[in-house]
Every structure is written in structure tokens, then in C-alpha cells.
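Working notes, beginning with the structure itself.
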Amino acid sequence: MVEKDITIIIPAYNEKKRIGDTLSEYLVYYAKLNVNFEILVVLNGCRDGTEQVVNSYIQKYPRFLKKEVHIAPIGKGGALIEGLIKGKGKVIAYTDADGATPPQELYKLIQVVQQKQAELTIGSRWVKGAKVFPKQPFRRRVASRCFNLLVRSLFGLPFKDTQCPAKALSRELLLKISNDLHLADMSFDINLIVSALKKGAKVK
């Protein structure tokens with residue numbers, strides 16, 4: 001049974017120093033929107049006190065914030081798969097714990113799905129007008145572009161930034177592709193996009 005309009009998944013691996021600011025920003029923003037939402041933090045083999053930080057925010061926002069704990073590391077993709085399974089939203093979105101994607105930007109992706117303009121939306125750091133803060137190191141930007149070119153050539157994908165850690169999809173699409181999501185490493189995003197396209201989903 002779907003109980004929420006929006007689920008936001010945040011996978012976390014040793015994010016003690018950063019996740020508090022991210023949770024604070026997201027919880028305040030979405031609470032002010034007065035939408036029926038939940039944030040689910042999937043703790044992925046954390047050893048640095050990340051869970052204690054999350055617990056402190058759960059005490060403040062028990063209505064909106066939940067956690068899923070995995071003692072052994074299951075990979076970022078594995079954490080996202082677990083979050084997708086446990087999320088109760090009509091639209092399920094995910095983002096990184098480092099706060100690189102502001103809550104209002106993720107909400108833009110969510111709204112596109114809510115308005116039925118697409119079943120899966122992908123954020124991009126490479127479209128015209130995109131701004132990235134803090135600016136990524138040159139080597140990382142080169143590696144990212146090379147990886148994207150490789151992915152686009154191998155799978156025939158038209159998207160400029162398949163690895164952007166900001167995406168949203170409908171629950172209906174998730175139910176169609178859930179059995180096809182297997183990759184627990186950084187290839188999860190490709191797994192998600194290709195599975196959606198194979199089902200004829202509109203991806204934007």
C-alpha cells in the first residue's frame with residue numbers, strides 16, 4: 001500500500017561529516033512544502049558514526065525520517081535497490097548524502113514525474129545552464145565525460161549524465177523493472193535507465 005506521495009532515498013557510507021547538513025536542508029525544505037513525504041537513509045556498512053547522526057535527526061523528525069541499516073557493505077547500488085524496495089512513495093527519488101543536489105533541484109525532477117511528463121527523470125551536470133558546487137576536480141570531470149561517452153556508445157543512450165546522483169521515478173515504473181535491478185556497484189544507474197527504456201518508459 002502506498003502511504004506517501006514522495007520517498008527520497010539517501011544511501012550513506014561513512015558520511016558522518018556531511019549527512020547532517022544534508023538531512024537538515026532536505027527535511028526543512030520538504031516540510032515547508034507541506035507534501036506527504038518520507039526520507040529513507042540506507043546505511044551501507046557505516047563505521048564512522050553516521051548512524052548516530054541519523055538517529056539524532058530521527059528524534060527531531062520521526063514523522064518524516066527513517067533508516068535502513070546494513071552492517072556489511074552492500075554497495076551504493078545495493079543500498080539504492082534496498083531503498084527502492086522499502087520506499088512507500090508514489091514517486092521515489094534518490095540523491096547522495098553529500099548535499100551536492102539541493103532539495104529544490106531534486107523536487108524539479110519529482111514534479112516532472114508527478115505531472116506525468118516522464119516516468120523516470122535524470123538530473124544532469126552537463127546540460128546548458130547547469131551549475132555544480134563545489135566545482136569538480138579536472139580529473140574527475142574528464143573521467144566522468146569519458147565514462148559517459150563509453151556508456152552512450154555501448155548502450156545507445158542519448159543522456160549526457162547517466163551517473164548524476166539525482167533521479168526520480170514513478171512507483172508504476174519501479175514495479176515493472178524491480179526484477180531487472182541487480183547491479184550493486186556504480187553501474188546501478190545504467191541498470192536502472194536501460195531497464196526503464198526496455199519497458200518503453202519515457203525518460204527525461
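Here, A, B, ... name the chains of the C-alpha cells in the order displayed, residue numbers run from 1 inside each chain, and ligands are numbered from 1 in the same displayed order.
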
I want to know what sits within 9 Å of Glu3 in chain A, based on only C-alpha atoms, with residues of the same chain fewer than 2 positions away left out; could you give that as a short mmCIF file (atom, residue, chain, number, x, y, z; two decimals) with N, CA, C and O atoms, in the first residue's frame?
```cif
data_model
loop_
_atom_site.label_atom_id
_atom_site.label_comp_id
_atom_site.auth_asym_id
_atom_site.auth_seq_id
_atom_site.Cartn_x
_atom_site.Cartn_y
_atom_site.Cartn_z
N MET A 1 0.85 -1.20 0.00
CA MET A 1 0.00 0.00 0.00
C MET A 1 0.88 1.25 0.00
O MET A 1 1.79 1.38 0.82
N ASP A 5 3.33 10.41 -0.85
CA ASP A 5 3.41 10.94 -2.21
C ASP A 5 4.85 10.85 -2.73
O ASP A 5 5.07 10.57 -3.90
N ASN A 36 3.24 15.18 1.43
CA ASN A 36 3.28 13.91 2.15
C ASN A 36 4.53 13.15 1.72
O ASN A 36 4.53 12.47 0.70
N PHE A 37 5.61 13.29 2.49
CA PHE A 37 6.89 12.73 2.06
C PHE A 37 7.57 11.95 3.17
O PHE A 37 7.20 12.04 4.36
N LYS A 88 7.82 3.98 0.17
CA LYS A 88 6.36 3.88 0.07
C LYS A 88 5.74 5.01 -0.76
O LYS A 88 4.53 5.21 -0.75
N GLY A 89 6.57 5.74 -1.48
CA GLY A 89 6.07 6.88 -2.22
C GLY A 89 5.51 6.54 -3.59
O GLY A 89 5.91 5.56 -4.21
N LYS A 90 4.59 7.37 -4.06
CA LYS A 90 4.10 7.25 -5.43
C LYS A 90 5.20 7.64 -6.41
O LYS A 90 5.28 7.13 -7.52
#
```

Discussion item. When you look at range 177-186 of chain A with a cut-off of 6 Å (counting only C-alpha atoms), what residues show up, excluding the ones that are within fewer than 3 positions of it in the same chain? I need them as a VMD selection string.
Written reply: chain A and resid 75 to 78 174

Generate the output file for the selected residues, C-alpha atoms, as a compact mmCIF listing (two decimals), in the first residue's frame.
```
# COMPACT_ATOMS: atom_id res chain seq x y z
CA GLY A 75 27.50 -1.10 -2.40
CA LYS A 76 25.79 2.12 -3.42
CA GLY A 77 23.66 0.30 -5.97
CA GLY A 78 22.71 -2.29 -3.37
CA LEU A 174 9.55 0.61 -10.37
```

Worksheet item: Nearest to Ala196 in chain A among A:Ile74, A:Ala168, A:Leu157, A:Leu120, with distances taken over only C-alpha atoms: which residue is it?
Response: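 Once distances to Ala196 in chain A are computed over only C-alpha atoms, the minimum belongs to A:Leu120.
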
Worksheet item: Out of range 4-194 of chain A, which residues get strand (DSSP E) from DSSP, as a PyMOL selection string?
Response: chain A and resi 4-12+37-44+65-70+89-95+120-122+166-170

Got time to write the residues from that selection, N, CA and C atoms, as an mmCIF file, in the first residue's frame?
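Final output, saved to again39.cif:
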```cif
data_model
loop_
_atom_site.group_PDB
_atom_site.id
_atom_site.type_symbol
_atom_site.label_atom_id
_atom_site.label_comp_id
_atom_site.auth_asym_id
_atom_site.auth_seq_id
_atom_site.Cartn_x
_atom_site.Cartn_y
_atom_site.Cartn_z
ATOM 1 N N LYS A 4 2.800 7.337 0.958
ATOM 2 C CA LYS A 4 3.401 8.656 0.803
ATOM 3 C C LYS A 4 3.301 9.107 -0.652
ATOM 4 N N ASP A 5 3.332 10.410 -0.854
ATOM 5 C CA ASP A 5 3.414 10.937 -2.210
ATOM 6 C C ASP A 5 4.847 10.854 -2.730
ATOM 7 N N ILE A 6 5.807 11.098 -1.828
ATOM 8 C CA ILE A 6 7.215 11.159 -2.223
ATOM 9 C C ILE A 6 8.088 10.386 -1.239
ATOM 10 N N THR A 7 8.972 9.561 -1.767
ATOM 11 C CA THR A 7 10.043 8.961 -0.975
ATOM 12 C C THR A 7 11.371 9.463 -1.529
ATOM 13 N N ILE A 8 12.248 9.924 -0.651
ATOM 14 C CA ILE A 8 13.594 10.327 -1.047
ATOM 15 C C ILE A 8 14.589 9.394 -0.374
ATOM 16 N N ILE A 9 15.359 8.711 -1.178
ATOM 17 C CA ILE A 9 16.338 7.757 -0.669
ATOM 18 C C ILE A 9 17.723 8.406 -0.653
ATOM 19 N N ILE A 10 18.413 8.252 0.464
ATOM 20 C CA ILE A 10 19.783 8.749 0.584
ATOM 21 C C ILE A 10 20.678 7.593 1.025
ATOM 22 N N PRO A 11 21.459 7.007 0.115
ATOM 23 C CA PRO A 11 22.409 5.976 0.526
ATOM 24 C C PRO A 11 23.582 6.618 1.254
ATOM 25 N N ALA A 12 24.079 5.959 2.286
ATOM 26 C CA ALA A 12 25.151 6.579 3.073
ATOM 27 C C ALA A 12 26.208 5.551 3.460
ATOM 28 N N PHE A 37 5.612 13.290 2.493
ATOM 29 C CA PHE A 37 6.887 12.732 2.060
ATOM 30 C C PHE A 37 7.569 11.946 3.173
ATOM 31 N N GLU A 38 8.571 11.173 2.773
ATOM 32 C CA GLU A 38 9.456 10.498 3.713
ATOM 33 C C GLU A 38 10.865 10.519 3.144
ATOM 34 N N ILE A 39 11.839 10.563 4.029
ATOM 35 C CA ILE A 39 13.238 10.413 3.644
ATOM 36 C C ILE A 39 13.746 9.127 4.267
ATOM 37 N N LEU A 40 14.317 8.275 3.453
ATOM 38 C CA LEU A 40 14.830 6.994 3.919
ATOM 39 C C LEU A 40 16.337 6.964 3.706
ATOM 40 N N VAL A 41 17.084 6.911 4.801
ATOM 41 C CA VAL A 41 18.533 6.798 4.728
ATOM 42 C C VAL A 41 18.902 5.322 4.803
ATOM 43 N N VAL A 42 19.617 4.845 3.804
ATOM 44 C CA VAL A 42 20.068 3.453 3.790
ATOM 45 C C VAL A 42 21.542 3.447 4.179
ATOM 46 N N LEU A 43 21.806 2.994 5.395
ATOM 47 C CA LEU A 43 23.165 2.962 5.936
ATOM 48 C C LEU A 43 23.871 1.707 5.440
ATOM 49 N N ASN A 44 24.968 1.931 4.737
ATOM 50 C CA ASN A 44 25.627 0.873 3.980
ATOM 51 C C ASN A 44 27.012 0.578 4.576
ATOM 52 N N LEU A 65 11.488 10.995 8.750
ATOM 53 C CA LEU A 65 12.795 10.372 8.513
ATOM 54 C C LEU A 65 12.849 8.948 9.040
ATOM 55 N N LYS A 66 13.364 8.043 8.184
ATOM 56 C CA LYS A 66 13.515 6.641 8.555
ATOM 57 C C LYS A 66 14.905 6.175 8.141
ATOM 58 N N LYS A 67 15.308 5.034 8.662
ATOM 59 C CA LYS A 67 16.607 4.476 8.296
ATOM 60 C C LYS A 67 16.483 2.984 8.025
ATOM 61 N N GLU A 68 17.384 2.506 7.219
ATOM 62 C CA GLU A 68 17.533 1.076 6.922
ATOM 63 C C GLU A 68 19.013 0.769 7.130
ATOM 64 N N VAL A 69 19.319 -0.157 8.013
ATOM 65 C CA VAL A 69 20.704 -0.404 8.395
ATOM 66 C C VAL A 69 21.203 -1.735 7.840
ATOM 67 N N HIS A 70 22.355 -1.671 7.170
ATOM 68 C CA HIS A 70 23.046 -2.872 6.702
ATOM 69 C C HIS A 70 24.453 -2.843 7.291
ATOM 70 N N GLY A 89 6.572 5.742 -1.478
ATOM 71 C CA GLY A 89 6.067 6.882 -2.217
ATOM 72 C C GLY A 89 5.508 6.542 -3.587
ATOM 73 N N LYS A 90 4.588 7.371 -4.061
ATOM 74 C CA LYS A 90 4.100 7.252 -5.427
ATOM 75 C C LYS A 90 5.203 7.642 -6.407
ATOM 76 N N VAL A 91 6.048 8.584 -5.969
ATOM 77 C CA VAL A 91 7.263 8.935 -6.696
ATOM 78 C C VAL A 91 8.439 8.673 -5.760
ATOM 79 N N ILE A 92 9.446 7.991 -6.273
ATOM 80 C CA ILE A 92 10.630 7.671 -5.468
ATOM 81 C C ILE A 92 11.840 8.332 -6.115
ATOM 82 N N ALA A 93 12.539 9.127 -5.328
ATOM 83 C CA ALA A 93 13.716 9.834 -5.822
ATOM 84 C C ALA A 93 14.923 9.442 -4.986
ATOM 85 N N TYR A 94 16.106 9.685 -5.527
ATOM 86 C CA TYR A 94 17.296 9.462 -4.708
ATOM 87 C C TYR A 94 18.374 10.486 -5.010
ATOM 88 N N THR A 95 19.216 10.692 -4.008
ATOM 89 C CA THR A 95 20.305 11.640 -4.117
ATOM 90 C C THR A 95 21.415 11.229 -3.166
ATOM 91 N N LEU A 120 10.685 8.425 -15.642
ATOM 92 C CA LEU A 120 11.994 8.489 -14.995
ATOM 93 C C LEU A 120 12.663 9.791 -15.397
ATOM 94 N N THR A 121 13.141 10.540 -14.414
ATOM 95 C CA THR A 121 13.854 11.779 -14.710
ATOM 96 C C THR A 121 15.282 11.683 -14.178
ATOM 97 N N ILE A 122 16.201 12.252 -14.947
ATOM 98 C CA ILE A 122 17.621 12.186 -14.631
ATOM 99 C C ILE A 122 18.171 13.599 -14.516
ATOM 100 N N ALA A 166 21.049 12.138 -8.934
ATOM 101 C CA ALA A 166 19.744 12.733 -8.685
ATOM 102 C C ALA A 166 18.778 12.196 -9.728
ATOM 103 N N LYS A 167 17.856 11.359 -9.285
ATOM 104 C CA LYS A 167 16.884 10.757 -10.202
ATOM 105 C C LYS A 167 15.557 10.580 -9.486
ATOM 106 N N ALA A 168 14.494 10.491 -10.271
ATOM 107 C CA ALA A 168 13.165 10.248 -9.713
ATOM 108 C C ALA A 168 12.395 9.352 -10.674
ATOM 109 N N LEU A 169 11.597 8.456 -10.130
ATOM 110 C CA LEU A 169 10.795 7.567 -10.968
ATOM 111 C C LEU A 169 9.460 7.271 -10.306
ATOM 112 N N SER A 170 8.514 6.863 -11.122
ATOM 113 C CA SER A 170 7.187 6.545 -10.611
ATOM 114 C C SER A 170 7.178 5.149 -10.001
#
```

Practice prompt. Would you please give, as a VMD selection string, all residues of range 38-204 of chain A that DSSP assigns to alpha helix (DSSP H) based on the backbone?
Written response: chain A and resid 50 to 60 75 to 86 103 to 114 138 to 155 171 to 177 188 to 198

Those same residues - C-alpha atoms - I'd like them written as a compact mmCIF listing (two decimals), in the first residue's frame.
```txt
# COMPACT_ATOMS: atom_id res chain seq x y z
CA THR A 50 26.87 8.09 10.56
CA GLU A 51 24.04 6.14 12.17
CA GLN A 52 24.26 8.19 15.35
CA VAL A 53 23.91 11.40 13.33
CA VAL A 54 20.90 9.97 11.50
CA ASN A 55 19.37 8.86 14.82
CA SER A 56 19.60 12.41 16.16
CA TYR A 57 17.57 13.67 13.20
CA ILE A 58 15.05 10.85 13.50
CA GLN A 59 14.39 12.04 17.06
CA LYS A 60 13.67 15.53 15.70
CA GLY A 75 27.50 -1.10 -2.40
CA LYS A 76 25.79 2.12 -3.42
CA GLY A 77 23.66 0.30 -5.97
CA GLY A 78 22.71 -2.29 -3.37
CA ALA A 79 21.70 0.46 -0.96
CA LEU A 80 19.57 2.10 -3.65
CA ILE A 81 17.87 -1.18 -4.53
CA GLU A 82 17.02 -1.71 -0.85
CA GLY A 83 15.68 1.82 -0.62
CA LEU A 84 13.55 1.42 -3.73
CA ILE A 85 12.05 -1.75 -2.28
CA LYS A 86 11.27 -0.19 1.10
CA PRO A 103 16.45 19.80 -2.37
CA GLN A 104 14.73 22.22 -4.73
CA GLU A 105 16.58 20.74 -7.71
CA LEU A 106 15.56 17.20 -6.80
CA TYR A 107 11.99 18.43 -6.42
CA LYS A 108 12.05 19.62 -10.04
CA LEU A 109 12.71 16.03 -11.12
CA ILE A 110 9.96 14.76 -8.83
CA GLN A 111 7.43 17.22 -10.24
CA VAL A 112 8.11 16.09 -13.81
CA VAL A 113 7.16 12.54 -12.78
CA GLN A 114 4.15 13.72 -10.76
CA PHE A 138 39.52 18.47 -13.56
CA ARG A 139 40.49 14.78 -13.49
CA ARG A 140 37.09 13.80 -12.16
CA ARG A 141 35.32 15.81 -14.83
CA VAL A 142 37.42 14.17 -17.56
CA ALA A 143 36.80 10.71 -16.11
CA SER A 144 33.08 11.42 -15.89
CA ARG A 145 32.85 12.55 -19.51
CA CYS A 146 34.88 9.58 -20.76
CA PHE A 147 32.69 7.16 -18.84
CA ASN A 148 29.55 8.80 -20.19
CA LEU A 149 30.81 8.59 -23.77
CA LEU A 150 31.60 4.91 -23.25
CA VAL A 151 28.15 4.23 -21.83
CA ARG A 152 26.39 6.13 -24.61
CA SER A 153 28.30 4.23 -27.28
CA LEU A 154 27.74 0.82 -25.68
CA PHE A 155 24.04 1.22 -24.91
CA ARG A 171 6.15 3.61 -8.47
CA GLU A 172 4.42 2.13 -11.52
CA LEU A 173 7.72 2.02 -13.38
CA LEU A 174 9.55 0.61 -10.37
CA LEU A 175 7.11 -2.30 -10.19
CA LYS A 176 7.76 -3.05 -13.87
CA ILE A 177 11.56 -3.08 -13.59
CA PHE A 188 23.33 0.70 -10.95
CA ASP A 189 22.30 3.90 -12.73
CA ILE A 190 22.88 2.30 -16.12
CA ASN A 191 20.95 -0.78 -14.99
CA LEU A 192 18.04 1.47 -13.99
CA ILE A 193 17.96 3.54 -17.17
CA VAL A 194 18.36 0.62 -19.59
CA SER A 195 15.69 -1.40 -17.74
CA ALA A 196 13.28 1.54 -17.94
CA LEU A 197 13.85 2.02 -21.66
CA LYS A 198 13.35 -1.67 -22.35
```

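Taking CA of Lys17 in chain A and CA of Ala97 in chain A as the two end points, the separation is 9.9 Å.
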
Worksheet item: Which residue out of A:Cys46, A:Ala118, A:Leu33, A:Val28 has the minimum interatomic distance to Ala201 in chain A when only C-alpha atoms are used?
Response: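 Looking at the shortest contact to Ala201 in chain A, the residue is A:Ala118.
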
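Between CA of Val35 in chain A and CA of Tyr13 in chain A the interatomic distance comes to 27.9 Å.
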